[in-house]
file target.pdb (PDB, N, CA and C atoms)
ATOM      1  N   MET O   1       5.829   2.665  -2.324
ATOM      2  CA  MET O   1       5.555   3.803  -1.473
ATOM      3  C   MET O   1       6.713   3.960  -0.487
ATOM      4  N   GLU O   2       7.104   5.174  -0.260
ATOM      5  CA  GLU O   2       8.150   5.446   0.722
ATOM      6  C   GLU O   2       7.555   5.488   2.127
ATOM      7  N   LEU O   3       8.383   5.210   3.098
ATOM      8  CA  LEU O   3       7.938   5.210   4.487
ATOM      9  C   LEU O   3       7.379   6.571   4.889
ATOM     10  N   SER O   4       8.025   7.640   4.471
ATOM     11  CA  SER O   4       7.563   8.985   4.840
ATOM     12  C   SER O   4       6.148   9.242   4.312
ATOM     13  N   GLU O   5       5.874   8.777   3.106
ATOM     14  CA  GLU O   5       4.535   8.939   2.527
ATOM     15  C   GLU O   5       3.519   8.101   3.302
ATOM     16  N   ARG O   6       3.908   6.894   3.690
ATOM     17  CA  ARG O   6       3.007   6.041   4.456
ATOM     18  C   ARG O   6       2.685   6.671   5.814
ATOM     19  N   ILE O   7       3.686   7.217   6.457
ATOM     20  CA  ILE O   7       3.459   7.879   7.746
ATOM     21  C   ILE O   7       2.439   8.998   7.589
ATOM     22  N   ARG O   8       2.599   9.813   6.540
ATOM     23  CA  ARG O   8       1.679  10.930   6.298
ATOM     24  C   ARG O   8       0.260  10.427   6.056
ATOM     25  N   LYS O   9       0.115   9.387   5.224
ATOM     26  CA  LYS O   9      -1.215   8.880   4.902
ATOM     27  C   LYS O   9      -1.886   8.256   6.127
ATOM     28  N   ILE O  10      -1.118   7.542   6.941
ATOM     29  CA  ILE O  10      -1.692   6.965   8.163
ATOM     30  C   ILE O  10      -2.124   8.082   9.113
ATOM     31  N   ARG O  11      -1.267   9.089   9.282
ATOM     32  CA  ARG O  11      -1.612  10.222  10.158
ATOM     33  C   ARG O  11      -2.924  10.864   9.707
ATOM     34  N   LYS O  12      -3.059  11.086   8.405
ATOM     35  CA  LYS O  12      -4.270  11.714   7.880
ATOM     36  C   LYS O  12      -5.488  10.798   8.050
ATOM     37  N   ALA O  13      -5.290   9.486   7.889
ATOM     38  CA  ALA O  13      -6.396   8.541   8.059
ATOM     39  C   ALA O  13      -6.927   8.565   9.489
ATOM     40  N   TYR O  14      -6.073   8.906  10.434
ATOM     41  CA  TYR O  14      -6.476   9.011  11.837
ATOM     42  C   TYR O  14      -6.873  10.447  12.208
ATOM     43  N   ASN O  15      -7.020  11.282  11.203
ATOM     44  CA  ASN O  15      -7.464  12.677  11.387
ATOM     45  C   ASN O  15      -6.579  13.451  12.356
ATOM     46  N   LEU O  16      -5.285  13.263  12.217
ATOM     47  CA  LEU O  16      -4.321  13.991  13.035
ATOM     48  C   LEU O  16      -3.557  14.978  12.160
ATOM     49  N   THR O  17      -3.244  16.121  12.730
ATOM     50  CA  THR O  17      -2.409  17.078  12.026
ATOM     51  C   THR O  17      -0.945  16.809  12.379
ATOM     52  N   GLN O  18      -0.049  17.407  11.618
ATOM     53  CA  GLN O  18       1.367  17.305  11.967
ATOM     54  C   GLN O  18       1.603  17.888  13.352
ATOM     55  N   ALA O  19       0.899  18.962  13.669
ATOM     56  CA  ALA O  19       1.048  19.593  14.982
ATOM     57  C   ALA O  19       0.580  18.653  16.098
ATOM     58  N   ASP O  20      -0.503  17.900  15.854
ATOM     59  CA  ASP O  20      -0.977  16.929  16.847
ATOM     60  C   ASP O  20       0.109  15.903  17.169
ATOM     61  N   VAL O  21       0.681  15.329  16.129
ATOM     62  CA  VAL O  21       1.693  14.287  16.323
ATOM     63  C   VAL O  21       2.949  14.886  16.955
ATOM     64  N   ALA O  22       3.355  16.053  16.485
ATOM     65  CA  ALA O  22       4.540  16.703  17.048
ATOM     66  C   ALA O  22       4.358  16.974  18.538
ATOM     67  N   CYS O  23       3.172  17.404  18.926
ATOM     68  CA  CYS O  23       2.885  17.654  20.342
ATOM     69  C   CYS O  23       3.006  16.366  21.153
ATOM     70  N   ARG O  24       2.482  15.280  20.618
ATOM     71  CA  ARG O  24       2.574  13.991  21.304
ATOM     72  C   ARG O  24       4.017  13.507  21.411
ATOM     73  N   LEU O  25       4.846  13.910  20.442
ATOM     74  CA  LEU O  25       6.261  13.532  20.449
ATOM     75  C   LEU O  25       7.119  14.520  21.235
ATOM     76  N   ASP O  26       6.506  15.642  21.609
ATOM     77  CA  ASP O  26       7.213  16.712  22.308
ATOM     78  C   ASP O  26       8.364  17.264  21.466
ATOM     79  N   ILE O  27       8.059  17.480  20.173
ATOM     80  CA  ILE O  27       9.021  18.110  19.259
ATOM     81  C   ILE O  27       8.298  19.209  18.491
ATOM     82  N   ALA O  28       9.046  20.037  17.815
ATOM     83  CA  ALA O  28       8.461  21.108  17.011
ATOM     84  C   ALA O  28       7.778  20.519  15.777
ATOM     85  N   PRO O  29       6.642  21.109  15.370
ATOM     86  CA  PRO O  29       5.972  20.628  14.154
ATOM     87  C   PRO O  29       6.899  20.613  12.932
ATOM     88  N   SER O  30       7.808  21.566  12.857
ATOM     89  CA  SER O  30       8.736  21.588  11.721
ATOM     90  C   SER O  30       9.665  20.378  11.748
ATOM     91  N   SER O  31      10.040  19.932  12.925
ATOM     92  CA  SER O  31      10.883  18.731  13.049
ATOM     93  C   SER O  31      10.119  17.495  12.619
ATOM     94  N   TYR O  32       8.858  17.404  13.037
ATOM     95  CA  TYR O  32       8.047  16.270  12.607
ATOM     96  C   TYR O  32       7.824  16.324  11.095
ATOM     97  N   GLY O  33       7.617  17.502  10.567
ATOM     98  CA  GLY O  33       7.422  17.670   9.125
ATOM     99  C   GLY O  33       8.598  17.131   8.319
ATOM    100  N   GLN O  34       9.790  17.249   8.875
ATOM    101  CA  GLN O  34      10.971  16.717   8.189
ATOM    102  C   GLN O  34      10.892  15.200   8.037
ATOM    103  N   ILE O  35      10.296  14.532   8.990
ATOM    104  CA  ILE O  35      10.124  13.083   8.895
ATOM    105  C   ILE O  35       9.195  12.756   7.731
ATOM    106  N   GLU O  36       8.077  13.479   7.635
ATOM    107  CA  GLU O  36       7.112  13.218   6.571
ATOM    108  C   GLU O  36       7.615  13.646   5.190
ATOM    109  N   ARG O  37       8.527  14.577   5.152
ATOM    110  CA  ARG O  37       9.102  15.007   3.868
ATOM    111  C   ARG O  37      10.330  14.198   3.494
ATOM    112  N   ASN O  38      10.699  13.260   4.355
ATOM    113  CA  ASN O  38      11.881  12.434   4.149
ATOM    114  C   ASN O  38      13.151  13.287   4.092
ATOM    115  N   ALA O  39      13.110  14.422   4.787
ATOM    116  CA  ALA O  39      14.276  15.311   4.838
ATOM    117  C   ALA O  39      15.326  14.777   5.802
ATOM    118  N   ILE O  40      14.877  13.943   6.743
ATOM    119  CA  ILE O  40      15.797  13.282   7.665
ATOM    120  C   ILE O  40      15.441  11.806   7.703
ATOM    121  N   LYS O  41      16.401  10.993   8.029
ATOM    122  CA  LYS O  41      16.160   9.563   8.191
ATOM    123  C   LYS O  41      15.856   9.302   9.661
ATOM    124  N   ALA O  42      14.655   8.843   9.909
ATOM    125  CA  ALA O  42      14.224   8.585  11.290
ATOM    126  C   ALA O  42      14.845   7.284  11.789
ATOM    127  N   SER O  43      15.298   7.312  13.021
ATOM    128  CA  SER O  43      15.844   6.108  13.653
ATOM    129  C   SER O  43      14.701   5.162  14.000
ATOM    130  N   CYS O  44      15.044   3.928  14.317
ATOM    131  CA  CYS O  44      14.030   2.957  14.759
ATOM    132  C   CYS O  44      13.319   3.459  16.005
ATOM    133  N   GLN O  45      14.065   4.070  16.904
ATOM    134  CA  GLN O  45      13.474   4.603  18.137
ATOM    135  C   GLN O  45      12.470   5.713  17.821
ATOM    136  N   THR O  46      12.818   6.575  16.876
ATOM    137  CA  THR O  46      11.910   7.651  16.476
ATOM    138  C   THR O  46      10.666   7.082  15.819
ATOM    139  N   LEU O  47      10.825   6.075  14.969
ATOM    140  CA  LEU O  47       9.667   5.455  14.317
ATOM    141  C   LEU O  47       8.756   4.797  15.341
ATOM    142  N   LEU O  48       9.327   4.201  16.368
ATOM    143  CA  LEU O  48       8.520   3.624  17.440
ATOM    144  C   LEU O  48       7.715   4.711  18.144
ATOM    145  N   LYS O  49       8.346   5.845  18.411
ATOM    146  CA  LYS O  49       7.646   6.963  19.054
ATOM    147  C   LYS O  49       6.541   7.499  18.153
ATOM    148  N   VAL O  50       6.800   7.590  16.853
ATOM    149  CA  VAL O  50       5.784   8.061  15.902
ATOM    150  C   VAL O  50       4.604   7.097  15.882
ATOM    151  N   SER O  51       4.886   5.799  15.825
ATOM    152  CA  SER O  51       3.789   4.820  15.801
ATOM    153  C   SER O  51       2.933   4.938  17.059
ATOM    154  N   ASN O  52       3.571   5.111  18.210
ATOM    155  CA  ASN O  52       2.821   5.283  19.459
ATOM    156  C   ASN O  52       2.009   6.574  19.445
ATOM    157  N   ALA O  53       2.582   7.638  18.909
ATOM    158  CA  ALA O  53       1.890   8.927  18.865
ATOM    159  C   ALA O  53       0.664   8.881  17.957
ATOM    160  N   ILE O  54       0.774   8.135  16.865
ATOM    161  CA  ILE O  54      -0.350   8.020  15.936
ATOM    162  C   ILE O  54      -1.364   6.997  16.438
ATOM    163  N   GLY O  55      -0.883   6.006  17.186
ATOM    164  CA  GLY O  55      -1.773   4.993  17.732
ATOM    165  C   GLY O  55      -1.819   3.716  16.923
ATOM    166  N   VAL O  56      -0.713   3.388  16.242
ATOM    167  CA  VAL O  56      -0.625   2.138  15.480
ATOM    168  C   VAL O  56       0.627   1.391  15.912
ATOM    169  N   SER O  57       0.704   0.118  15.551
ATOM    170  CA  SER O  57       1.894  -0.652  15.871
ATOM    171  C   SER O  57       3.042  -0.248  14.939
ATOM    172  N   LEU O  58       4.243  -0.461  15.406
ATOM    173  CA  LEU O  58       5.417  -0.169  14.578
ATOM    174  C   LEU O  58       5.398  -1.023  13.323
ATOM    175  N   THR O  59       5.003  -2.279  13.456
ATOM    176  CA  THR O  59       4.937  -3.179  12.303
ATOM    177  C   THR O  59       3.997  -2.637  11.237
ATOM    178  N   PHE O  60       2.836  -2.160  11.667
ATOM    179  CA  PHE O  60       1.869  -1.592  10.722
ATOM    180  C   PHE O  60       2.431  -0.327  10.076
ATOM    181  N   LEU O  61       3.070   0.512  10.857
ATOM    182  CA  LEU O  61       3.599   1.771  10.349
ATOM    183  C   LEU O  61       4.615   1.538   9.237
ATOM    184  N   VAL O  62       5.494   0.580   9.417
ATOM    185  CA  VAL O  62       6.597   0.399   8.466
ATOM    186  C   VAL O  62       6.275  -0.577   7.332
ATOM    187  N   ASP O  63       5.060  -1.116   7.288
ATOM    188  CA  ASP O  63       4.667  -2.046   6.229
ATOM    189  C   ASP O  63       4.348  -1.271   4.954
ATOM    190  N   ILE O  64       5.388  -0.864   4.244
ATOM    191  CA  ILE O  64       5.207   0.012   3.082
ATOM    192  C   ILE O  64       4.523  -0.677   1.908
ATOM    193  N   GLN O  65       4.383  -1.991   1.950
ATOM    194  CA  GLN O  65       3.683  -2.717   0.887
ATOM    195  C   GLN O  65       2.176  -2.707   1.085
ATOM    196  N   SER O  66       1.723  -2.442   2.296
ATOM    197  CA  SER O  66       0.296  -2.463   2.601
ATOM    198  C   SER O  66      -0.406  -1.233   2.046
ATOM    199  N   ARG O  67      -1.603  -1.454   1.561
ATOM    200  CA  ARG O  67      -2.430  -0.345   1.068
ATOM    201  C   ARG O  67      -3.418   0.135   2.139
ATOM    202  N   LYS O  68      -3.448  -0.550   3.279
ATOM    203  CA  LYS O  68      -4.328  -0.141   4.374
ATOM    204  C   LYS O  68      -3.660   0.974   5.171
ATOM    205  N   PHE O  69      -4.439   1.969   5.541
ATOM    206  CA  PHE O  69      -3.894   3.084   6.305
ATOM    207  C   PHE O  69      -4.537   3.209   7.686
ATOM    208  N   VAL O  70      -5.448   2.300   8.001
ATOM    209  CA  VAL O  70      -6.027   2.241   9.337
ATOM    210  C   VAL O  70      -5.829   0.818   9.823
ATOM    211  N   GLU O  71      -5.218   0.692  10.991
ATOM    212  CA  GLU O  71      -4.905  -0.623  11.539
ATOM    213  C   GLU O  71      -6.153  -1.265  12.117
ATOM    214  N   ASP O  72      -6.359  -2.535  11.808
ATOM    215  CA  ASP O  72      -7.474  -3.290  12.359
ATOM    216  C   ASP O  72      -7.119  -3.702  13.778
ATOM    217  N   LYS O  73      -7.736  -3.073  14.751
ATOM    218  CA  LYS O  73      -7.431  -3.335  16.164
ATOM    219  C   LYS O  73      -8.190  -4.549  16.704
ATOM    220  N   ASN O  74      -9.068  -5.149  15.881
ATOM    221  CA  ASN O  74      -9.901  -6.254  16.353
ATOM    222  C   ASN O  74      -9.294  -7.625  16.071
ATOM    223  N   THR O  75      -8.066  -7.674  15.582
ATOM    224  CA  THR O  75      -7.450  -8.972  15.331
ATOM    225  C   THR O  75      -6.662  -9.407  16.547
ATOM    226  N   GLY O  76      -6.517 -10.683  16.696
ATOM    227  CA  GLY O  76      -5.673 -11.154  17.776
ATOM    228  C   GLY O  76      -6.347 -11.975  18.770
TER
END

call {"tool": "encode", "arguments": {"input": "target.pdb", "output": "structure tokens"}}
result
Amino acid sequence: MELSERIRKIRKAYNLTQADVACRLDIAPSSYGQIERNAIKASCQTLLKVSNAIGVSLTFLVDIQSRKFVEDKNTG
């Protein structure tokens, strides 16, 4: 699975629209859409902002081998 696809699936699992996440990032929805379409390569800083906007850890967001799309917040 590509990172862009994982980002999209996690966003949908949290019932967020692209517009919701873009608003939280203070960017245009079309700019956020480019991240999910893999039209641009997101920097580590951008991925950190995306993870915060969606409400998951950066580690969970970038774990492209995982089949889970909702982070278990009860561990730790």

call {"tool": "residues_around", "arguments": {"input": "target.pdb", "residues": "range 36-47 of chain O", "least_positions_apart": "5", "cutoff": "6.5 Å", "atoms": "only N, CA and C atoms", "output": "number ranges by chain"}}
result
O: 4-5, 7-8, 52, 58

call {"tool": "atom_distance", "arguments": {"input": "target.pdb", "atom1": "atom N of Gly33 in chain O", "atom2": "atom C of Val21 in chain O"}}
result
8.3 Å

call {"tool": "atom_distance", "arguments": {"input": "target.pdb", "atom1": "CA of Gln34 in chain O", "atom2": "atom N of Lys73 in chain O"}}
result
28.0 Å

call {"tool": "resolve_selection", "arguments": {"input": "target.pdb", "expression": "the PyMOL selection byres ((chain O and resi 14-19) around 7)", "output": "compact mmCIF listing (two decimals) with N, CA and C atoms, keeping the file's coordinate frame"}}
result
# COMPACT_ATOMS: atom_id res chain seq x y z
N LYS O 9 0.12 9.39 5.22
CA LYS O 9 -1.22 8.88 4.90
C LYS O 9 -1.89 8.26 6.13
N ILE O 10 -1.12 7.54 6.94
CA ILE O 10 -1.69 6.96 8.16
C ILE O 10 -2.12 8.08 9.11
N ARG O 11 -1.27 9.09 9.28
CA ARG O 11 -1.61 10.22 10.16
C ARG O 11 -2.92 10.86 9.71
N LYS O 12 -3.06 11.09 8.40
CA LYS O 12 -4.27 11.71 7.88
C LYS O 12 -5.49 10.80 8.05
N ALA O 13 -5.29 9.49 7.89
CA ALA O 13 -6.40 8.54 8.06
C ALA O 13 -6.93 8.56 9.49
N ASP O 20 -0.50 17.90 15.85
CA ASP O 20 -0.98 16.93 16.85
C ASP O 20 0.11 15.90 17.17
N VAL O 21 0.68 15.33 16.13
CA VAL O 21 1.69 14.29 16.32
C VAL O 21 2.95 14.89 16.95
N ALA O 22 3.36 16.05 16.48
CA ALA O 22 4.54 16.70 17.05
C ALA O 22 4.36 16.97 18.54
N CYS O 23 3.17 17.40 18.93
CA CYS O 23 2.88 17.65 20.34
C CYS O 23 3.01 16.37 21.15
N ARG O 24 2.48 15.28 20.62
CA ARG O 24 2.57 13.99 21.30
C ARG O 24 4.02 13.51 21.41
N ALA O 28 9.05 20.04 17.82
CA ALA O 28 8.46 21.11 17.01
C ALA O 28 7.78 20.52 15.78
N PRO O 29 6.64 21.11 15.37
CA PRO O 29 5.97 20.63 14.15
C PRO O 29 6.90 20.61 12.93
N TYR O 32 8.86 17.40 13.04
CA TYR O 32 8.05 16.27 12.61
C TYR O 32 7.82 16.32 11.10
N GLY O 33 7.62 17.50 10.57
CA GLY O 33 7.42 17.67 9.12
C GLY O 33 8.60 17.13 8.32
N PHE O 69 -4.44 1.97 5.54
CA PHE O 69 -3.89 3.08 6.30
C PHE O 69 -4.54 3.21 7.69
N VAL O 70 -5.45 2.30 8.00
CA VAL O 70 -6.03 2.24 9.34
C VAL O 70 -5.83 0.82 9.82

call {"tool": "select_by_dssp", "arguments": {"input": "target.pdb", "residues": "range 8-51 of chain O", "states": "alpha helix (DSSP H)", "output": "ChimeraX atom specification"}}
result
/O:8-13,18-25,29-36,44-51

call {"tool": "residues_around", "arguments": {"input": "target.pdb", "residues": "range 63-66 of chain O", "least_positions_apart": "5", "cutoff": "7 Å", "atoms": "only C-alpha atoms", "output": "PyMOL selection string"}}
result
chain O and resi 1-3+6

call {"tool": "write_last_selection", "arguments": {"input": "target.pdb", "atoms": "N, CA and C atoms", "output": "compact mmCIF listing (two decimals), in the frame of the given file"}}
result
# COMPACT_ATOMS: atom_id res chain seq x y z
N MET O 1 5.83 2.66 -2.32
CA MET O 1 5.56 3.80 -1.47
C MET O 1 6.71 3.96 -0.49
N GLU O 2 7.10 5.17 -0.26
CA GLU O 2 8.15 5.45 0.72
C GLU O 2 7.56 5.49 2.13
N LEU O 3 8.38 5.21 3.10
CA LEU O 3 7.94 5.21 4.49
C LEU O 3 7.38 6.57 4.89
N ARG O 6 3.91 6.89 3.69
CA ARG O 6 3.01 6.04 4.46
C ARG O 6 2.68 6.67 5.81

call {"tool": "atom_distance", "arguments": {"input": "target.pdb", "atom1": "CA of Lys68 in chain O", "atom2": "CA of Val56 in chain O"}}
result
11.9 Å

call {"tool": "build_atoms", "arguments": {"input": "target.pdb", "residues": "range 32-43 of chain O", "atoms": "all heavy atoms", "output": "compact mmCIF listing (two decimals), in the frame of the given file"}}
result
# COMPACT_ATOMS: atom_id res chain seq x y z
N TYR O 32 8.86 17.40 13.04
CA TYR O 32 8.05 16.27 12.61
C TYR O 32 7.82 16.32 11.10
O TYR O 32 7.87 15.29 10.41
CB TYR O 32 6.70 16.22 13.34
CG TYR O 32 5.85 15.10 12.81
CD1 TYR O 32 6.14 13.79 13.16
CD2 TYR O 32 4.82 15.35 11.93
CE1 TYR O 32 5.39 12.75 12.63
CE2 TYR O 32 4.06 14.31 11.40
CZ TYR O 32 4.36 13.03 11.74
OH TYR O 32 3.64 11.99 11.21
N GLY O 33 7.62 17.50 10.57
CA GLY O 33 7.42 17.67 9.12
C GLY O 33 8.60 17.13 8.32
O GLY O 33 8.42 16.61 7.22
N GLN O 34 9.79 17.25 8.88
CA GLN O 34 10.97 16.72 8.19
C GLN O 34 10.89 15.20 8.04
O GLN O 34 11.36 14.65 7.05
CB GLN O 34 12.24 17.09 8.94
CG GLN O 34 12.58 18.56 8.87
CD GLN O 34 13.83 18.91 9.66
OE1 GLN O 34 14.19 18.23 10.61
NE2 GLN O 34 14.50 19.97 9.23
N ILE O 35 10.30 14.53 8.99
CA ILE O 35 10.12 13.08 8.90
C ILE O 35 9.20 12.76 7.73
O ILE O 35 9.49 11.89 6.91
CB ILE O 35 9.57 12.50 10.22
CG1 ILE O 35 10.59 12.69 11.35
CG2 ILE O 35 9.19 11.03 10.05
CD1 ILE O 35 10.05 12.36 12.74
N GLU O 36 8.08 13.48 7.64
CA GLU O 36 7.11 13.22 6.57
C GLU O 36 7.62 13.65 5.19
O GLU O 36 7.16 13.12 4.19
CB GLU O 36 5.78 13.91 6.87
CG GLU O 36 5.00 13.23 7.96
CD GLU O 36 3.57 13.69 8.05
OE1 GLU O 36 3.10 14.46 7.18
OE2 GLU O 36 2.89 13.26 9.01
N ARG O 37 8.53 14.58 5.15
CA ARG O 37 9.10 15.01 3.87
C ARG O 37 10.33 14.20 3.49
O ARG O 37 10.92 14.41 2.45
CB ARG O 37 9.47 16.49 3.91
CG ARG O 37 8.30 17.43 3.91
CD ARG O 37 8.73 18.87 3.68
NE ARG O 37 9.86 19.28 4.49
CZ ARG O 37 9.79 19.70 5.77
NH1 ARG O 37 8.64 19.75 6.38
NH2 ARG O 37 10.87 20.08 6.41
N ASN O 38 10.70 13.26 4.36
CA ASN O 38 11.88 12.43 4.15
C ASN O 38 13.15 13.29 4.09
O ASN O 38 14.13 12.93 3.43
CB ASN O 38 11.74 11.57 2.89
CG ASN O 38 12.57 10.32 2.95
OD1 ASN O 38 12.94 9.86 4.03
ND2 ASN O 38 12.87 9.77 1.79
N ALA O 39 13.11 14.42 4.79
CA ALA O 39 14.28 15.31 4.84
C ALA O 39 15.33 14.78 5.80
O ALA O 39 16.50 15.13 5.70
CB ALA O 39 13.85 16.72 5.24
N ILE O 40 14.88 13.94 6.74
CA ILE O 40 15.80 13.28 7.66
C ILE O 40 15.44 11.81 7.70
O ILE O 40 14.31 11.41 7.43
CB ILE O 40 15.73 13.87 9.09
CG1 ILE O 40 14.33 13.72 9.69
CG2 ILE O 40 16.19 15.31 9.13
CD1 ILE O 40 14.25 14.04 11.16
N LYS O 41 16.40 10.99 8.03
CA LYS O 41 16.16 9.56 8.19
C LYS O 41 15.86 9.30 9.66
O LYS O 41 16.69 9.55 10.53
CB LYS O 41 17.38 8.75 7.75
CG LYS O 41 17.72 8.90 6.29
CD LYS O 41 16.64 8.30 5.43
CE LYS O 41 17.01 8.44 3.97
NZ LYS O 41 15.92 8.13 3.09
N ALA O 42 14.66 8.84 9.91
CA ALA O 42 14.22 8.59 11.29
C ALA O 42 14.84 7.28 11.79
O ALA O 42 14.87 6.28 11.07
CB ALA O 42 12.71 8.52 11.36
N SER O 43 15.30 7.31 13.02
CA SER O 43 15.84 6.11 13.65
C SER O 43 14.70 5.16 14.00
O SER O 43 13.52 5.55 14.02
CB SER O 43 16.61 6.48 14.92
OG SER O 43 15.70 6.94 15.91
